[in-house]
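Remarks on the structure that follows.
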Amino acid sequence: MKKVIFDVDTGIDDAMAIAYAVNSPELDIIGLTTCYGNVAVDEATRNTLAVLEKLGRNIPVFAGADKPLNRNPREGFAKHVHGEDGLGNVLDFEPQTSAKSEYAVDYIIEQVKKLPHEVTIIAVGPLTNLALAVQKAPEIVELVSDVVIMGGAVFVPGNVTPHAEANIFTDPEAAEVVFASGLPITLVGLDVTMQTLLPRQNVDAWRNAGSEVGEFFANMVGFYHDFYECANPGIGGCGLHDPLAVGVAIDPSLVKTKYIGVGVITEGEEDGRTVPLSEEEEPKINVCTEVDAPRFLEHFLKRMPAGQ
Ligand code: BDR
Ligand code: CA
């Protein structure tokens, strides 16, 4: 069982990724850390607690960064993608549990030091918490087991601009710090996540399964499907971005990778773009370039609460 710290900015695909992760016996989610991104950090924390509660799981949650590393936040959040509440406007209760008092960045540092070479970090929001942790305690770079990041679009176009993917665009400097840190990273970007679409009929099956949690996820993901269909008419599904990072953490054979350096453009028209570096440049990371989408989708669906 891999011990995992799961760093999220809980919107809709983060919520699916949380469900997938906590239902996967290969992973021991020791804590979730939250970051602003799809929503403000307080909302991301609330959503994370709410999703865990719906799933009947009690795992500690730690609130983290509320703004980028060293620039002003971008205007607004992704409410058109994830809903006013970040969960497709299905949240009709306040979670009973609260986040722990420790700051997410300190929690990451503390756990990595306490469990040397044992902790996998899965990060599926802006990379601010991870960048702050590396800046504050560079020694953790050598002590982390591995890091799986949903972010970037290395050989394909972006999703929030023609060049940039949302998580990297939200805090390009944080991504730059993380990619240059020497951490053992696998980058699960749009290169592969746009190949793993969740068809609408699978979600209808969750609704028809007759469970409260199935209906909760079906309604939430229905909002995401509507956004995807509107943005890309005829696409027939929504991107399983954050769930694919969980899938790769469980089973790296789901993807093929290229071991290269990745840079980040931090200004101008291409702000937030992830670019492949020349062969000589270090450090290198594993960039996912191909995915076995049918095998991943089957694995993911089996582990969703009302999965089949
Ligand atoms: C990423 O951006 C966020 O909106 C999603 O949750 C995912 O992490 C996809 O570009
Ligand atoms: Ca996310």
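Residues are named by chain letter and number: chains run A, B, ... in the order of the structure tokens, numbers start at 1 in each chain, and ligands are numbered from 1 in the order shown.
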Environment of ligand 1 within 8 Å, counting only C-alpha atoms and all ligand atoms, reported as JSON, numbers by chain: {"A": [8, 9, 10, 11, 12, 13, 14, 37, 38, 78, 81, 82, 124, 125, 126, 150, 151, 152, 159, 160, 165, 166, 167, 189, 190, 239, 241, 242]}
Export, as a short mmCIF file (atom, residue, chain, number, x, y, z; two decimals), in the first residue's frame, the selected residues with C-alpha atoms.
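Contents of again.cif, freshly written:
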```cif
data_model
loop_
_atom_site.label_atom_id
_atom_site.label_comp_id
_atom_site.auth_asym_id
_atom_site.auth_seq_id
_atom_site.Cartn_x
_atom_site.Cartn_y
_atom_site.Cartn_z
CA VAL A 8 -6.46 18.97 -4.30
CA ASP A 9 -8.39 22.11 -5.29
CA THR A 10 -11.67 20.28 -5.07
CA GLY A 11 -13.80 20.86 -8.09
CA ILE A 12 -15.68 18.11 -9.92
CA ASP A 13 -12.86 15.99 -11.32
CA ASP A 14 -10.96 16.33 -8.03
CA GLY A 37 -7.61 26.90 -7.84
CA ASN A 38 -10.98 25.77 -9.14
CA ALA A 78 -13.50 28.23 -12.72
CA VAL A 81 -16.55 24.68 -15.34
CA HIS A 82 -17.20 23.41 -11.81
CA VAL A 124 -4.05 17.78 -8.90
CA GLY A 125 -4.38 21.53 -8.39
CA PRO A 126 -2.02 24.50 -8.78
CA MET A 150 -1.99 16.46 -13.03
CA GLY A 151 -0.92 19.50 -14.95
CA GLY A 152 0.53 20.88 -18.13
CA ASN A 159 -7.35 24.27 -22.10
CA VAL A 160 -7.56 27.73 -20.49
CA GLU A 165 -3.38 24.05 -18.88
CA ALA A 166 -5.43 25.35 -15.90
CA ASN A 167 -3.35 24.07 -12.95
CA GLY A 189 -1.00 16.45 -18.52
CA LEU A 190 -3.62 17.17 -21.14
CA GLY A 239 -12.07 14.82 -19.16
CA HIS A 241 -7.93 14.77 -15.57
CA ASP A 242 -7.43 14.31 -11.84
#
```
What are the DSSP strand (DSSP E) residues of region 166-227 of chain A, as a ChimeraX atom specification? /A:185-188,197-199
Emit the selected residues as a compact mmCIF listing (two decimals), in the first residue's frame, including N, CA, C and O atoms.
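Generated file (result-v9.txt):
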```
# COMPACT_ATOMS: atom_id res chain seq x y z
N ILE A 185 9.19 13.16 -10.49
CA ILE A 185 7.83 13.55 -10.92
C ILE A 185 7.36 12.76 -12.14
O ILE A 185 8.12 12.54 -13.09
N THR A 186 6.09 12.38 -12.12
CA THR A 186 5.41 11.93 -13.33
C THR A 186 4.34 12.97 -13.63
O THR A 186 3.50 13.27 -12.78
N LEU A 187 4.40 13.52 -14.83
CA LEU A 187 3.48 14.60 -15.20
C LEU A 187 2.36 14.04 -16.08
O LEU A 187 2.59 13.59 -17.20
N VAL A 188 1.16 14.10 -15.52
CA VAL A 188 -0.03 13.60 -16.22
C VAL A 188 -0.76 14.83 -16.75
O VAL A 188 -1.53 15.47 -16.03
N LEU A 197 -11.84 10.22 -21.66
CA LEU A 197 -13.13 10.88 -21.46
C LEU A 197 -14.11 9.91 -20.78
O LEU A 197 -14.10 8.71 -21.04
N LEU A 198 -14.93 10.49 -19.92
CA LEU A 198 -15.97 9.71 -19.24
C LEU A 198 -17.28 9.93 -19.99
O LEU A 198 -17.83 11.03 -19.98
N PRO A 199 -17.81 8.88 -20.65
CA PRO A 199 -19.06 9.06 -21.39
C PRO A 199 -20.25 9.30 -20.44
O PRO A 199 -20.27 8.80 -19.32
```
Cut-off 6 Å: closest region 163-210 of chain A/region 263-286 of chain A atom pairs per residue, using only C-alpha atoms, as JSON lines:
```
{"residue": "A:His163", "atom": "CA", "partner": "A:Arg273", "partner_atom": "CA", "distance": 5.3}
{"residue": "A:Ala164", "atom": "CA", "partner": "A:Arg273", "partner_atom": "CA", "distance": 4.5}
{"residue": "A:Ile168", "atom": "CA", "partner": "A:Gly272", "partner_atom": "CA", "distance": 5.5}
{"residue": "A:Phe169", "atom": "CA", "partner": "A:Gly272", "partner_atom": "CA", "distance": 4.2}
{"residue": "A:Pro172", "atom": "CA", "partner": "A:Gly272", "partner_atom": "CA", "distance": 5.1}
{"residue": "A:Glu176", "atom": "CA", "partner": "A:Val264", "partner_atom": "CA", "distance": 5.6}
{"residue": "A:Gly182", "atom": "CA", "partner": "A:Pro283", "partner_atom": "CA", "distance": 5.6}
{"residue": "A:Ile185", "atom": "CA", "partner": "A:Ile285", "partner_atom": "CA", "distance": 5.3}
{"residue": "A:Thr186", "atom": "CA", "partner": "A:Asn286", "partner_atom": "CA", "distance": 4.6}
```
Would you please extract all alpha helix (DSSP H) residues from region 160-275 of chain A, as assigned by DSSP on the backbone, and give them as a PyMOL selection string? chain A and resi 166-170+172-179+190-193+200-208+212-231+241-250
Please list as a PyMOL selection string every residue within 12 Å of Leu52 (chain A), counting only C-alpha atoms and excluding residues in the same chain fewer than 2 positions away. chain A and resi 10+14-23+29+31-32+45-50+54-61+95-99+213+305
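Our summary of the geometry notes that CA of Asn129 (chain A) is positioned 5.5 Å from CA of Val105 (chain A).
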In terms of the shortest atom-to-atom distance over only C-alpha atoms, which of A:Asp226, A:Asp146, A:Glu212, A:Glu290 is closest to Thr193 (chain A)?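 So, comparing all the options, the nearest one is A:Glu290.
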Region 136-144 of chain A surroundings by only C-alpha atoms, 12 Å radius, close-in-sequence under 2 positions cut, as a PDB file with N, CA and C atoms, in the first residue's frame:
```
ATOM      1  N   LYS A   2       0.629   2.135  -0.958  1.00  0.00           N
ATOM      2  CA  LYS A   2       1.406   3.394  -0.992  1.00  0.00           C
ATOM      3  C   LYS A   2       0.793   4.395  -0.040  1.00  0.00           C
ATOM      4  N   LYS A   3       1.621   5.032   0.767  1.00  0.00           N
ATOM      5  CA  LYS A   3       1.126   6.115   1.609  1.00  0.00           C
ATOM      6  C   LYS A   3       1.065   7.378   0.752  1.00  0.00           C
ATOM      7  N   VAL A   4      -0.101   8.002   0.729  1.00  0.00           N
ATOM      8  CA  VAL A   4      -0.313   9.110  -0.202  1.00  0.00           C
ATOM      9  C   VAL A   4      -0.774  10.370   0.523  1.00  0.00           C
ATOM     10  N   ILE A   5      -0.149  11.498   0.165  1.00  0.00           N
ATOM     11  CA  ILE A   5      -0.718  12.806   0.486  1.00  0.00           C
ATOM     12  C   ILE A   5      -1.338  13.299  -0.811  1.00  0.00           C
ATOM     13  N   VAL A 105       1.243  23.012   4.035  1.00  0.00           N
ATOM     14  CA  VAL A 105       2.656  22.981   3.629  1.00  0.00           C
ATOM     15  C   VAL A 105       3.492  22.319   4.744  1.00  0.00           C
ATOM     16  N   ASP A 106       3.190  22.663   5.980  1.00  0.00           N
ATOM     17  CA  ASP A 106       3.928  22.081   7.111  1.00  0.00           C
ATOM     18  C   ASP A 106       3.596  20.600   7.274  1.00  0.00           C
ATOM     19  N   TYR A 107       2.338  20.262   7.001  1.00  0.00           N
ATOM     20  CA  TYR A 107       1.942  18.844   7.084  1.00  0.00           C
ATOM     21  C   TYR A 107       2.731  18.016   6.065  1.00  0.00           C
ATOM     22  N   ILE A 108       2.855  18.534   4.847  1.00  0.00           N
ATOM     23  CA  ILE A 108       3.599  17.805   3.801  1.00  0.00           C
ATOM     24  C   ILE A 108       5.048  17.587   4.265  1.00  0.00           C
ATOM     25  N   ILE A 109       5.681  18.653   4.728  1.00  0.00           N
ATOM     26  CA  ILE A 109       7.083  18.562   5.162  1.00  0.00           C
ATOM     27  C   ILE A 109       7.226  17.556   6.309  1.00  0.00           C
ATOM     28  N   GLU A 110       6.338  17.686   7.280  1.00  0.00           N
ATOM     29  CA  GLU A 110       6.405  16.821   8.476  1.00  0.00           C
ATOM     30  C   GLU A 110       6.254  15.346   8.103  1.00  0.00           C
ATOM     31  N   GLN A 111       5.284  15.028   7.254  1.00  0.00           N
ATOM     32  CA  GLN A 111       5.032  13.618   6.915  1.00  0.00           C
ATOM     33  C   GLN A 111       6.160  13.029   6.074  1.00  0.00           C
ATOM     34  N   VAL A 112       6.680  13.822   5.145  1.00  0.00           N
ATOM     35  CA  VAL A 112       7.763  13.310   4.298  1.00  0.00           C
ATOM     36  C   VAL A 112       8.998  13.017   5.153  1.00  0.00           C
ATOM     37  N   LYS A 113       9.236  13.855   6.148  1.00  0.00           N
ATOM     38  CA  LYS A 113      10.397  13.623   7.028  1.00  0.00           C
ATOM     39  C   LYS A 113      10.149  12.450   7.969  1.00  0.00           C
ATOM     40  N   LYS A 114       8.912  12.323   8.416  1.00  0.00           N
ATOM     41  CA  LYS A 114       8.574  11.239   9.340  1.00  0.00           C
ATOM     42  C   LYS A 114       8.591   9.882   8.647  1.00  0.00           C
ATOM     43  N   LEU A 115       8.267   9.875   7.347  1.00  0.00           N
ATOM     44  CA  LEU A 115       8.163   8.620   6.590  1.00  0.00           C
ATOM     45  C   LEU A 115       9.085   8.690   5.368  1.00  0.00           C
ATOM     46  N   PRO A 116      10.414   8.733   5.604  1.00  0.00           N
ATOM     47  CA  PRO A 116      11.326   8.933   4.471  1.00  0.00           C
ATOM     48  C   PRO A 116      11.195   7.839   3.409  1.00  0.00           C
ATOM     49  N   HIS A 117      11.165   8.271   2.131  1.00  0.00           N
ATOM     50  CA  HIS A 117      11.080   7.384   0.966  1.00  0.00           C
ATOM     51  C   HIS A 117       9.780   6.569   0.914  1.00  0.00           C
ATOM     52  N   GLU A 118       8.795   6.975   1.703  1.00  0.00           N
ATOM     53  CA  GLU A 118       7.535   6.210   1.723  1.00  0.00           C
ATOM     54  C   GLU A 118       6.350   6.979   1.168  1.00  0.00           C
ATOM     55  N   VAL A 119       6.456   8.304   1.117  1.00  0.00           N
ATOM     56  CA  VAL A 119       5.270   9.091   0.778  1.00  0.00           C
ATOM     57  C   VAL A 119       5.202   9.414  -0.716  1.00  0.00           C
ATOM     58  N   THR A 120       4.058   9.076  -1.298  1.00  0.00           N
ATOM     59  CA  THR A 120       3.744   9.500  -2.668  1.00  0.00           C
ATOM     60  C   THR A 120       2.867  10.742  -2.554  1.00  0.00           C
ATOM     61  N   ILE A 121       3.207  11.764  -3.319  1.00  0.00           N
ATOM     62  CA  ILE A 121       2.348  12.953  -3.353  1.00  0.00           C
ATOM     63  C   ILE A 121       1.621  12.952  -4.691  1.00  0.00           C
ATOM     64  N   ILE A 122       0.305  13.009  -4.629  1.00  0.00           N
ATOM     65  CA  ILE A 122      -0.481  13.190  -5.858  1.00  0.00           C
ATOM     66  C   ILE A 122      -1.013  14.615  -5.792  1.00  0.00           C
ATOM     67  N   ASN A 129       1.284  24.629  -3.003  1.00  0.00           N
ATOM     68  CA  ASN A 129       1.649  23.976  -1.729  1.00  0.00           C
ATOM     69  C   ASN A 129       2.980  23.236  -1.855  1.00  0.00           C
ATOM     70  N   LEU A 130       3.123  22.535  -2.959  1.00  0.00           N
ATOM     71  CA  LEU A 130       4.343  21.744  -3.154  1.00  0.00           C
ATOM     72  C   LEU A 130       5.562  22.660  -3.319  1.00  0.00           C
ATOM     73  N   ALA A 131       5.385  23.737  -4.055  1.00  0.00           N
ATOM     74  CA  ALA A 131       6.496  24.682  -4.245  1.00  0.00           C
ATOM     75  C   ALA A 131       6.886  25.309  -2.902  1.00  0.00           C
ATOM     76  N   LEU A 132       5.904  25.689  -2.105  1.00  0.00           N
ATOM     77  CA  LEU A 132       6.209  26.265  -0.784  1.00  0.00           C
ATOM     78  C   LEU A 132       6.930  25.250   0.097  1.00  0.00           C
ATOM     79  N   ALA A 133       6.514  24.000   0.026  1.00  0.00           N
ATOM     80  CA  ALA A 133       7.152  22.954   0.847  1.00  0.00           C
ATOM     81  C   ALA A 133       8.610  22.775   0.428  1.00  0.00           C
ATOM     82  N   VAL A 134       8.852  22.746  -0.871  1.00  0.00           N
ATOM     83  CA  VAL A 134      10.221  22.560  -1.377  1.00  0.00           C
ATOM     84  C   VAL A 134      11.093  23.765  -1.030  1.00  0.00           C
ATOM     85  N   ASP A 146       7.625   9.393  -4.551  1.00  0.00           N
ATOM     86  CA  ASP A 146       7.347   9.862  -5.903  1.00  0.00           C
ATOM     87  C   ASP A 146       6.217  10.888  -5.894  1.00  0.00           C
ATOM     88  N   VAL A 147       6.136  11.623  -7.001  1.00  0.00           N
ATOM     89  CA  VAL A 147       5.146  12.693  -7.114  1.00  0.00           C
ATOM     90  C   VAL A 147       4.420  12.521  -8.449  1.00  0.00           C
ATOM     91  N   VAL A 148       3.112  12.444  -8.387  1.00  0.00           N
ATOM     92  CA  VAL A 148       2.320  12.363  -9.616  1.00  0.00           C
ATOM     93  C   VAL A 148       1.498  13.646  -9.707  1.00  0.00           C
ATOM     94  N   VAL A 177       9.179  26.093 -10.008  1.00  0.00           N
ATOM     95  CA  VAL A 177       9.948  25.662  -8.829  1.00  0.00           C
ATOM     96  C   VAL A 177       9.887  24.138  -8.689  1.00  0.00           C
ATOM     97  N   VAL A 178       8.696  23.583  -8.833  1.00  0.00           N
ATOM     98  CA  VAL A 178       8.521  22.136  -8.631  1.00  0.00           C
ATOM     99  C   VAL A 178       9.250  21.335  -9.715  1.00  0.00           C
ATOM    100  N   PHE A 179       9.108  21.741 -10.975  1.00  0.00           N
ATOM    101  CA  PHE A 179       9.750  20.987 -12.068  1.00  0.00           C
ATOM    102  C   PHE A 179      11.274  21.073 -11.988  1.00  0.00           C
ATOM    103  N   ALA A 180      11.777  22.158 -11.426  1.00  0.00           N
ATOM    104  CA  ALA A 180      13.238  22.337 -11.349  1.00  0.00           C
ATOM    105  C   ALA A 180      13.814  21.786 -10.048  1.00  0.00           C
ATOM    106  N   SER A 181      12.971  21.225  -9.197  1.00  0.00           N
ATOM    107  CA  SER A 181      13.415  20.861  -7.834  1.00  0.00           C
ATOM    108  C   SER A 181      14.228  19.579  -7.775  1.00  0.00           C
ATOM    109  N   GLY A 182      14.056  18.698  -8.774  1.00  0.00           N
ATOM    110  CA  GLY A 182      14.700  17.385  -8.684  1.00  0.00           C
ATOM    111  C   GLY A 182      13.781  16.334  -8.059  1.00  0.00           C
ATOM    112  N   LEU A 183      12.556  16.700  -7.727  1.00  0.00           N
ATOM    113  CA  LEU A 183      11.591  15.712  -7.229  1.00  0.00           C
ATOM    114  C   LEU A 183      11.343  14.657  -8.319  1.00  0.00           C
ATOM    115  N   PRO A 184      11.101  13.401  -7.905  1.00  0.00           N
ATOM    116  CA  PRO A 184      10.816  12.342  -8.894  1.00  0.00           C
ATOM    117  C   PRO A 184       9.365  12.439  -9.384  1.00  0.00           C
ATOM    118  N   ILE A 185       9.186  13.163 -10.486  1.00  0.00           N
ATOM    119  CA  ILE A 185       7.833  13.553 -10.923  1.00  0.00           C
ATOM    120  C   ILE A 185       7.361  12.761 -12.139  1.00  0.00           C
TER     121      ILE A 185
END
```
